[in-house]
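K.L.:
Got a structure for you, questions after.
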Amino acid sequence: MEVKIGVQHAPRELVLESAADSAEEIIETVTEALTSKKSLVTFEDDRGRRVIVPVDKLAYVELGEPVARGVGFTAA
């Protein structure tokens with residue numbers, strides 16, 4: 001699952017391939033962080049790397065399926 005994270009006052013978004021099985025898991029993680037008094041939210045990608053974002057600087061979280069890129073000169 002591709003996850004794009006917007007951080008306030010940052011010129012670029014963070015993009016990672018999430019190790020989560022479904023979008024509901026990521027939504028639950030973000031919702032829990034926003035409604036609780038936690039100051040950080042953590043995401044983990046397929047390679048085991050972790051991205052930690054301050055909850056108060058979180059602008060948006062976009063979820064989507066990764067797009068497979070074609071190889072060669074044929075248009076798909």
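Identifiers for the structure tokens are assigned positionally: chains receive A, B, ... in sequence, residues are indexed from 1 per chain, and ligands are indexed from 1 in the order shown.
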Taking the DSSP secondary structure from the backbone, can you list the residues of chain A that are alpha helix (DSSP H), as a PyMOL selection string?
P.N.:
chain A and resi 23-35
K.L.:
Which polymer residues have any atom within 10 Å of an atom of range 31-48 of chain A, counting only C-alpha atoms, with same-chain residues fewer than 3 positions away left out, as a list in words?
P.N.:
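Everything that qualifies: Met1, Glu2, Val3, Ile5, Val15, Leu16, Glu17, Ser18, Ala19, Ala20, Glu25, Ile26, Ile27, Glu28, Val51, Ile52, Val53, Pro54, Val55, Asp56, Lys57 and Leu58 of chain A.
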K.L.:
Could you check how far CA of Glu65 in chain A sits from CA of Ala23 in chain A, in Å to one decimal?
P.N.:
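Distance reported for this atom pair: 9.6 Å.
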